[in-house]
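Report on one structure; see the data block that follows.
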Amino acid sequence: MKIVRSEEQETLREAVRALVDRHATPARIAQVADAGEGFDADLWAKLTHELGVTGLLIPSQYGGAGASWREAAAVLQELGRTLAPVPFLSSSILAVTALLEMDDEASASLLRRISSGGVVSVGMSGPSGVVSPEAVPLTATRDAGEWRVQGELSHVPDGPAAEAVLVLARILEGDLRWFAIERGEANCTARRMEVLDGTRPQAVIAFTGARATALESQKGAWDVAERIIDAASTGQACEQQAASKHLLALTIEYARERFQFGRPIGSFQAIQHRCADLALLVDESTSAMEFCLWAATDNPEEWRLASSLAAVVCGEAFEAVAREAIQIHGGIGFSWEHVAHRYFRRALASKSAFGAPDEHRERLLRAVSV
Amino acid sequence: MTGVTAERARAWFEQHAEPKAAFGETGVASKADVAVFHDLHPEAERALLEDLRSWHQRLWAAGLAGLDWPREFGGQGLGPDAAEAVAAVAAEFATPPPHELFLVTTELVAPTVLLFGDTDQRERIAPALARAELLCAQLFSEPAAGSDLAGLSTRARFEAEQNVWVVNGQKVWSSGAQFADLGLLIARTDDDAVKHAGLTAFLLPMDLAGVDVRPLRQMSGGASFCEVFLTDVRLPGGRLLGGVGNGWKVATTTLGFERNASGADTRTGGSWTQVLQLARSLGRTGDPLLRQRLADVYIHHRLAEIAAVRDRAAADHGSVPSAQGSLRKLQWVNGLTRISHVVSDLLGPRLTADTGERGTFAWTAHVLGAPGYRIAGGTDEIQRTIIAERLLGLPPGPRVDRDRPWREIPR
């Protein structure tokens with residue numbers, strides 16, 4: 001394994017950091033999340049037009065930057081650290097990962113739209129949220145040369161803001177296939193779901209014979225779905241690692257300043273030792289994230305293993321850090337006003353967003369042939 | 001560069017060592033395969049140590065040991081990368097098993113002497129330690145000074161007219177002291193100074209009159225450690241290391257090497273492969289509850305490897321805080337404990353009585369040894385305090401003994 005730091009990556013990180021520190025302040029995040037929108041269109045426009053990062057992973061012939069996962073990681077970490085409510089993970093990472101596996105004009109056109117800020121989401125699961133070939137909730141039929149999709153998707157990430165959605169559907173012969181559906185199509189209705197993490201909107205999207213464009217890939221449809229899970233876990237690992245690290249730093253700062261019994265609470269062993277354990281969890285998250293990034297860029301054979309390992313390690317570490325951050329902050333940590341609950345919500349929601357940790361433990365064991 | 005070293009190592013090992021049997025062929029045959037601390041007859045232990053020593057000296061002669069040891073002191077003067085490249089090759093061959101005293105001598109004491117020694121110690125003693133021609137034990141902990149090492153009370157009193165230090169006191173938990181030529185001794189030379197400032201380090205010949213070494217049996221059954229009684233030991237003046245009053249610095253430097261070494265040691269006490277093999281041999285890899293825990297053992301194993309790569313990359317950029325070793329030791333011990341849990345649940349009654357099935361009851365050596373490393377080399381609690389205060393910058397807890405002369409501290 002190799003740890004790679006490139007100058008491009010650090011320059012990009014600085015640029016995104018400057019932008020989110022100015023525009024994704026805790027007050028702004030609270031405003032966007034509490035209004036029920038969960039989408040900061042202004043920030044998204046700035047990311048698109050000022051920094052041009054929405055097409056980071058997209059090759060230049062489709063209007064993107066043709067960058068690698070290393071650069072994407074820098075963006076994901078900055079957005080994850082601040083809980084910025086933008087559809088970067090769903091559109092610029094997940095949809096792009098799927099579309100880069102396709103070789104047709106419709107996919108090329110969607111990539112161009114993502115490069116210029118269009119939001120495209122990916123839907124693979126029904127109400128249970130389980131992603132598996134057996135649980136695919138949609139069917140597609142061909143009628144007079146046109147594909148029509150039936151069924152109901154749930155938990156579609158950033159679904160309310162998406163202008164198109166990539167879906168996995170079962171066709172008559174029983175095989176799975178990928179389709180793109182425009183949200184403006186007739187027979188396609190979306191409903192915003194009430195969510196645990198107000199910075200990550202989700203939608204139920206129902207199709208009653210909506211017109212769909214079939215996408216062509218060299219790989220099997222389920223292999224593409226697995227790649228999306230790899231990408232989702234890798235992307236979330238970057239977000240979770242950065243959020244955990246930031247939240248632990250905030251908590252340590254508080255423990256240094258908060259006095260009880262005439263001493264800073266951070267001088268009590270009960271607090272010191274808890275923080276030390278959290279620091280180890282954050283360090284392990286960093287290892288897991290680096291493993292993923294290395295696999296994604298240099299060693300694709302291990303990407304599935306690395307992504308599931310990171311889903312377990314980074315997901316559970318973030319939850320632990322967020323839970324203990326509330327505890328160490330005491331009463332103020334339980335208030336709506338304080339940021340701790342927003343991280344706790346993100347931690348819980350992200351932990352199971354693309355497979356729960358127990359499923360990833362299974363996926364990991366299968367990847368090492370156990 | 002490392003590629004050349006690895007090639008040279010491979011050529012040498014192919015000629016002088018047998019390839020290691022693939023794990024599936026041997027499995028866990030005995031307690032020694034999974035032990036955290038060895039449990040050997042004294043003669044067998046001496047023989048093991050001799051094997052290890054002569055093997056190390058052959059490697060040294062072939063230019064395959066002492067790779068990151070400075071050239072002017074007889075080493076190869078290469079970076080840690082070369083040492084790792086050789087270690088990676090060595091791991092494919094059957095080589096003598098490790099021993100604490102050998103590791104303490106070559107990994108902890110030798111670099112400490114190189115750092116703090118006078119010209120003679122650096123030129124003569126440090127290289128002999130690095131080559132394991134001399135073996136040196138740590139004489140640090142005492143019955144009344146464990147976690148609070150700086151509170152130790154073994155005294156060294158200087159008799160100027162004879163130029164000797166007279167040492168009295170008792171040391172404990174000294175690994176392999178019964179086989180050591182030297183002891184790195186930390187003793188109190190000033191009762192009136194604050195506790196850290198009154199300490200001095202010495203290199204004590206273990207064969208001096210008044211040095212009484214008694215093996216100490218630990219809960220896992222073996223005697224990996226010793227008690228060392230020091231009664232009116234007359235130590236020649238030139239045996240000081242690092243100057244009077246500098247003992248704490250010497251001790252913490254050695255302990256820093258120890259934490260780094262223990263964090264990197266993946267050979268001690270059960271591996272992922274062994275746990276998986278046990279689960280397979282018991283037909284339990286289909287049990288969904290157990291699979292979750294197996295995954296955690298695998299995850300821990302991978303994270304340890306990745307952490308080593310990260311630390312190396314950070315060291316190349318010159319930015320590894322010393323407290324990082326505490327983080328790694330805690331991580332390593334957590335892994336040992338995790339393996340113990342999974343294995344004891346996997347084995348159930350087979351761990352309580354020997355059924356004669358190969359590779360089952362042997363795991364008692366792991367389960368009974370693992371608690372020792374939550375204590376040895378600095379307890380988990382001490383590591384957490386170091387992480388909190390030095391890595392995270394949390395304010396220190398109150399230390400009532402800090403600014404008082406050692407003489408006045410209640411004990």
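Scheme for the structure tokens: letters A, B, ... for chains in order shown; per-chain residue numbers from 1; ligand numbers from 1 in order shown.
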
Set out as CSV a contact list for chain A and chain B with a cut-off of 7 Å, giving each residue of chain A that qualifies its closest atom pair and distance in Å to one decimal, counting only C-alpha atoms, ordered by chain and rising residue number.
```
residue,atom,partner,partner_atom,distance
A:Ile3,CA,B:Arg310,CA,6.7
A:Ile252,CA,B:Leu394,CA,6.9
A:Arg256,CA,B:Leu394,CA,6.2
A:Gly266,CA,B:Leu394,CA,5.5
A:Ser267,CA,B:Gly397,CA,4.5
A:Phe268,CA,B:Gly397,CA,6.0
A:Gln272,CA,B:Ala388,CA,5.2
A:His273,CA,B:Arg384,CA,5.2
A:Cys275,CA,B:Ala388,CA,6.6
A:Ala276,CA,B:Arg384,CA,5.3
A:Leu280,CA,B:Leu327,CA,6.4
A:Glu284,CA,B:Leu303,CA,6.5
A:Ser287,CA,B:Ile306,CA,5.8
A:Ala288,CA,B:Leu303,CA,6.8
A:Leu309,CA,B:Ile299,CA,6.5
A:Asp358,CA,B:Gln292,CA,6.6
A:Arg361,CA,B:Ala295,CA,5.5
A:Glu362,CA,B:Gln292,CA,7.0
A:Leu365,CA,B:Ala295,CA,6.2
```

>> Could you pull out the alpha helix (DSSP H) residues of region 32-265 of chain B, going by DSSP on the backbone, and write them as a VMD selection string?
In response: chain B and resid 32 to 34 42 to 61 80 to 90 100 to 103 110 to 116 119 to 120 126 to 130 247 to 264

> Contacts of Tyr62 (chain A) at 8 Å or less, counting only C-alpha atoms, minus same-chain residues fewer than 2 places along, as a PyMOL selection string?
Replying inline: chain A and resi 58-60+64+108-109+111-112+115

Residues just named, written with N, CA and C atoms as a PDB file, in the first residue's frame:
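For reference, out.pdb as written:
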```pdb
ATOM      1  N   ILE A  58     -15.008  13.186 -13.802  1.00  0.00           N
ATOM      2  CA  ILE A  58     -15.474  13.012 -15.185  1.00  0.00           C
ATOM      3  C   ILE A  58     -14.355  13.397 -16.168  1.00  0.00           C
ATOM      4  N   PRO A  59     -14.094  12.565 -17.158  1.00  0.00           N
ATOM      5  CA  PRO A  59     -13.046  12.896 -18.150  1.00  0.00           C
ATOM      6  C   PRO A  59     -13.347  14.222 -18.860  1.00  0.00           C
ATOM      7  N   SER A  60     -12.276  14.854 -19.349  1.00  0.00           N
ATOM      8  CA  SER A  60     -12.450  16.203 -19.892  1.00  0.00           C
ATOM      9  C   SER A  60     -13.352  16.233 -21.127  1.00  0.00           C
ATOM     10  N   GLY A  64     -15.550  17.411 -17.688  1.00  0.00           N
ATOM     11  CA  GLY A  64     -15.067  17.269 -16.310  1.00  0.00           C
ATOM     12  C   GLY A  64     -13.602  17.601 -16.164  1.00  0.00           C
ATOM     13  N   ALA A 108     -23.146   9.718 -21.770  1.00  0.00           N
ATOM     14  CA  ALA A 108     -22.232  10.833 -22.042  1.00  0.00           C
ATOM     15  C   ALA A 108     -22.932  12.161 -21.781  1.00  0.00           C
ATOM     16  N   SER A 109     -24.175  12.236 -22.198  1.00  0.00           N
ATOM     17  CA  SER A 109     -24.923  13.483 -22.025  1.00  0.00           C
ATOM     18  C   SER A 109     -25.193  13.762 -20.539  1.00  0.00           C
ATOM     19  N   LEU A 111     -23.283  12.774 -18.084  1.00  0.00           N
ATOM     20  CA  LEU A 111     -21.994  13.191 -17.507  1.00  0.00           C
ATOM     21  C   LEU A 111     -21.755  14.676 -17.748  1.00  0.00           C
ATOM     22  N   ARG A 112     -22.092  15.143 -18.967  1.00  0.00           N
ATOM     23  CA  ARG A 112     -21.924  16.568 -19.272  1.00  0.00           C
ATOM     24  C   ARG A 112     -22.808  17.418 -18.362  1.00  0.00           C
ATOM     25  N   SER A 115     -21.250  17.599 -14.943  1.00  0.00           N
ATOM     26  CA  SER A 115     -20.104  18.525 -14.962  1.00  0.00           C
ATOM     27  C   SER A 115     -20.559  19.968 -14.802  1.00  0.00           C
TER      28      SER A 115
END
```

> If you count only C-alpha atoms, which residues fall within 12 Å of region 81-93 of chain B, apart from same-chain ones fewer than 5 positions away, as a VMD selection string?
Replying inline: chain B and resid 1 to 23 55 to 56 59 to 60 62 to 69 75 to 76 264 to 267 308 to 309 312 to 313 315 to 316

>> Could you tell me how far CA of Val313 (chain A) sits from CA of Leu290 (chain B), in Å to one decimal place?
In response: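 CA of Val313 (chain A) lies at a distance of 17.9 Å from CA of Leu290 (chain B).
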
>> When you look at region 347-360 of chain B with a cut-off of 10 Å (counting only C-alpha atoms), what residues show up, excluding the ones that are within fewer than 4 positions of it in the same chain? I need them as a PyMOL selection string.
In response: chain B and resi 26-31+33-34+274+277-279+281-282+342-343+364+367

Residue list (strand (DSSP E or B), DSSP) for region 176-318 of chain A, as a PDB file with N, CA, C and O atoms, in the first residue's frame:
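The result, written out as states-v9.pdb:
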```
ATOM      1  N   LEU A 176     -31.131  -8.004 -14.757  1.00  0.00           N
ATOM      2  CA  LEU A 176     -31.160  -6.633 -14.266  1.00  0.00           C
ATOM      3  C   LEU A 176     -30.550  -5.731 -15.318  1.00  0.00           C
ATOM      4  O   LEU A 176     -29.664  -6.130 -16.067  1.00  0.00           O
ATOM      5  N   ARG A 177     -31.030  -4.495 -15.320  1.00  0.00           N
ATOM      6  CA  ARG A 177     -30.523  -3.536 -16.289  1.00  0.00           C
ATOM      7  C   ARG A 177     -30.574  -2.127 -15.718  1.00  0.00           C
ATOM      8  O   ARG A 177     -31.421  -1.829 -14.878  1.00  0.00           O
ATOM      9  N   TRP A 178     -29.656  -1.282 -16.167  1.00  0.00           N
ATOM     10  CA  TRP A 178     -29.636   0.115 -15.720  1.00  0.00           C
ATOM     11  C   TRP A 178     -30.396   1.013 -16.690  1.00  0.00           C
ATOM     12  O   TRP A 178     -30.302   0.836 -17.900  1.00  0.00           O
ATOM     13  N   PHE A 179     -31.138   1.950 -16.096  1.00  0.00           N
ATOM     14  CA  PHE A 179     -31.881   2.922 -16.885  1.00  0.00           C
ATOM     15  C   PHE A 179     -31.666   4.321 -16.313  1.00  0.00           C
ATOM     16  O   PHE A 179     -31.374   4.465 -15.130  1.00  0.00           O
ATOM     17  N   ALA A 180     -31.845   5.303 -17.187  1.00  0.00           N
ATOM     18  CA  ALA A 180     -31.891   6.694 -16.708  1.00  0.00           C
ATOM     19  C   ALA A 180     -33.303   7.202 -16.917  1.00  0.00           C
ATOM     20  O   ALA A 180     -33.903   6.953 -17.963  1.00  0.00           O
ATOM     21  N   ILE A 181     -33.836   7.864 -15.887  1.00  0.00           N
ATOM     22  CA  ILE A 181     -35.187   8.416 -16.002  1.00  0.00           C
ATOM     23  C   ILE A 181     -35.149   9.892 -15.635  1.00  0.00           C
ATOM     24  O   ILE A 181     -34.588  10.271 -14.590  1.00  0.00           O
ATOM     25  N   GLU A 182     -35.724  10.715 -16.502  1.00  0.00           N
ATOM     26  CA  GLU A 182     -35.816  12.146 -16.205  1.00  0.00           C
ATOM     27  C   GLU A 182     -36.933  12.353 -15.195  1.00  0.00           C
ATOM     28  O   GLU A 182     -38.011  11.755 -15.312  1.00  0.00           O
ATOM     29  N   CYS A 188     -44.073   9.720 -13.143  1.00  0.00           N
ATOM     30  CA  CYS A 188     -42.941   9.660 -12.216  1.00  0.00           C
ATOM     31  C   CYS A 188     -43.180  10.696 -11.131  1.00  0.00           C
ATOM     32  O   CYS A 188     -43.198  11.895 -11.402  1.00  0.00           O
ATOM     33  N   THR A 189     -43.460  10.255  -9.904  1.00  0.00           N
ATOM     34  CA  THR A 189     -43.730  11.215  -8.837  1.00  0.00           C
ATOM     35  C   THR A 189     -42.779  10.999  -7.678  1.00  0.00           C
ATOM     36  O   THR A 189     -42.456   9.862  -7.335  1.00  0.00           O
ATOM     37  N   ALA A 190     -42.333  12.118  -7.102  1.00  0.00           N
ATOM     38  CA  ALA A 190     -41.378  12.033  -5.995  1.00  0.00           C
ATOM     39  C   ALA A 190     -41.975  12.631  -4.741  1.00  0.00           C
ATOM     40  O   ALA A 190     -42.721  13.610  -4.799  1.00  0.00           O
ATOM     41  N   ARG A 191     -41.651  12.012  -3.630  1.00  0.00           N
ATOM     42  CA  ARG A 191     -42.105  12.529  -2.334  1.00  0.00           C
ATOM     43  C   ARG A 191     -40.886  12.616  -1.416  1.00  0.00           C
ATOM     44  O   ARG A 191     -40.135  11.657  -1.277  1.00  0.00           O
ATOM     45  N   ARG A 192     -40.719  13.796  -0.840  1.00  0.00           N
ATOM     46  CA  ARG A 192     -39.618  13.978   0.111  1.00  0.00           C
ATOM     47  C   ARG A 192     -39.898  13.175   1.379  1.00  0.00           C
ATOM     48  O   ARG A 192     -41.011  13.206   1.902  1.00  0.00           O
ATOM     49  N   GLN A 202     -33.738  12.642   1.297  1.00  0.00           N
ATOM     50  CA  GLN A 202     -34.022  11.383   0.606  1.00  0.00           C
ATOM     51  C   GLN A 202     -35.444  11.457   0.064  1.00  0.00           C
ATOM     52  O   GLN A 202     -36.275  12.190   0.585  1.00  0.00           O
ATOM     53  N   ALA A 203     -35.706  10.679  -0.982  1.00  0.00           N
ATOM     54  CA  ALA A 203     -37.039  10.713  -1.581  1.00  0.00           C
ATOM     55  C   ALA A 203     -37.532   9.308  -1.887  1.00  0.00           C
ATOM     56  O   ALA A 203     -36.738   8.398  -2.110  1.00  0.00           O
ATOM     57  N   VAL A 204     -38.853   9.210  -1.873  1.00  0.00           N
ATOM     58  CA  VAL A 204     -39.512   8.046  -2.461  1.00  0.00           C
ATOM     59  C   VAL A 204     -39.861   8.468  -3.886  1.00  0.00           C
ATOM     60  O   VAL A 204     -40.407   9.546  -4.088  1.00  0.00           O
ATOM     61  N   ILE A 205     -39.492   7.675  -4.872  1.00  0.00           N
ATOM     62  CA  ILE A 205     -39.864   8.016  -6.244  1.00  0.00           C
ATOM     63  C   ILE A 205     -40.661   6.847  -6.818  1.00  0.00           C
ATOM     64  O   ILE A 205     -40.173   5.709  -6.850  1.00  0.00           O
ATOM     65  N   ALA A 206     -41.893   7.159  -7.204  1.00  0.00           N
ATOM     66  CA  ALA A 206     -42.774   6.111  -7.727  1.00  0.00           C
ATOM     67  C   ALA A 206     -42.878   6.228  -9.248  1.00  0.00           C
ATOM     68  O   ALA A 206     -43.010   7.328  -9.788  1.00  0.00           O
ATOM     69  N   PHE A 207     -42.759   5.084  -9.915  1.00  0.00           N
ATOM     70  CA  PHE A 207     -42.851   5.048 -11.378  1.00  0.00           C
ATOM     71  C   PHE A 207     -44.051   4.202 -11.765  1.00  0.00           C
ATOM     72  O   PHE A 207     -44.164   3.062 -11.332  1.00  0.00           O
ATOM     73  N   THR A 208     -44.935   4.786 -12.543  1.00  0.00           N
ATOM     74  CA  THR A 208     -46.082   4.011 -13.010  1.00  0.00           C
ATOM     75  C   THR A 208     -46.048   4.003 -14.530  1.00  0.00           C
ATOM     76  O   THR A 208     -46.877   4.608 -15.197  1.00  0.00           O
ATOM     77  N   GLY A 209     -45.003   3.319 -15.030  1.00  0.00           N
ATOM     78  CA  GLY A 209     -44.841   3.271 -16.477  1.00  0.00           C
ATOM     79  C   GLY A 209     -44.113   4.479 -17.022  1.00  0.00           C
ATOM     80  O   GLY A 209     -44.393   4.939 -18.136  1.00  0.00           O
ATOM     81  N   ALA A 210     -43.138   4.992 -16.242  1.00  0.00           N
ATOM     82  CA  ALA A 210     -42.373   6.159 -16.702  1.00  0.00           C
ATOM     83  C   ALA A 210     -41.423   5.754 -17.825  1.00  0.00           C
ATOM     84  O   ALA A 210     -40.840   4.672 -17.791  1.00  0.00           O
ATOM     85  N   ARG A 211     -41.247   6.662 -18.800  1.00  0.00           N
ATOM     86  CA  ARG A 211     -40.366   6.396 -19.927  1.00  0.00           C
ATOM     87  C   ARG A 211     -38.915   6.420 -19.455  1.00  0.00           C
ATOM     88  O   ARG A 211     -38.517   7.287 -18.684  1.00  0.00           O
ATOM     89  N   ALA A 212     -38.125   5.412 -19.862  1.00  0.00           N
ATOM     90  CA  ALA A 212     -36.749   5.290 -19.376  1.00  0.00           C
ATOM     91  C   ALA A 212     -35.800   5.048 -20.533  1.00  0.00           C
ATOM     92  O   ALA A 212     -36.187   4.488 -21.551  1.00  0.00           O
ATOM     93  N   THR A 213     -34.539   5.489 -20.361  1.00  0.00           N
ATOM     94  CA  THR A 213     -33.510   5.219 -21.364  1.00  0.00           C
ATOM     95  C   THR A 213     -32.613   4.097 -20.853  1.00  0.00           C
ATOM     96  O   THR A 213     -32.039   4.204 -19.762  1.00  0.00           O
ATOM     97  N   ALA A 214     -32.519   3.013 -21.619  1.00  0.00           N
ATOM     98  CA  ALA A 214     -31.653   1.908 -21.210  1.00  0.00           C
ATOM     99  C   ALA A 214     -30.201   2.317 -21.398  1.00  0.00           C
ATOM    100  O   ALA A 214     -29.843   2.953 -22.386  1.00  0.00           O
ATOM    101  N   SER A 217     -23.731  -1.180 -20.699  1.00  0.00           N
ATOM    102  CA  SER A 217     -22.408  -1.318 -20.084  1.00  0.00           C
ATOM    103  C   SER A 217     -21.781  -2.653 -20.442  1.00  0.00           C
ATOM    104  O   SER A 217     -22.469  -3.616 -20.758  1.00  0.00           O
ATOM    105  N   PHE A 259     -14.588  24.309  32.863  1.00  0.00           N
ATOM    106  CA  PHE A 259     -14.108  24.055  34.219  1.00  0.00           C
ATOM    107  C   PHE A 259     -15.237  23.538  35.106  1.00  0.00           C
ATOM    108  O   PHE A 259     -16.319  24.094  35.113  1.00  0.00           O
ATOM    109  N   GLN A 260     -14.983  22.471  35.847  1.00  0.00           N
ATOM    110  CA  GLN A 260     -15.850  22.011  36.928  1.00  0.00           C
ATOM    111  C   GLN A 260     -14.923  21.537  38.029  1.00  0.00           C
ATOM    112  O   GLN A 260     -13.834  21.022  37.739  1.00  0.00           O
ATOM    113  N   ARG A 263     -11.235  22.652  37.875  1.00  0.00           N
ATOM    114  CA  ARG A 263     -10.249  22.139  36.905  1.00  0.00           C
ATOM    115  C   ARG A 263     -10.903  22.026  35.542  1.00  0.00           C
ATOM    116  O   ARG A 263     -12.106  21.798  35.450  1.00  0.00           O
ATOM    117  N   PRO A 264     -10.113  22.127  34.472  1.00  0.00           N
ATOM    118  CA  PRO A 264     -10.708  21.821  33.163  1.00  0.00           C
ATOM    119  C   PRO A 264     -11.127  20.345  33.154  1.00  0.00           C
ATOM    120  O   PRO A 264     -10.379  19.503  33.670  1.00  0.00           O
TER     121      PRO A 264
END
```
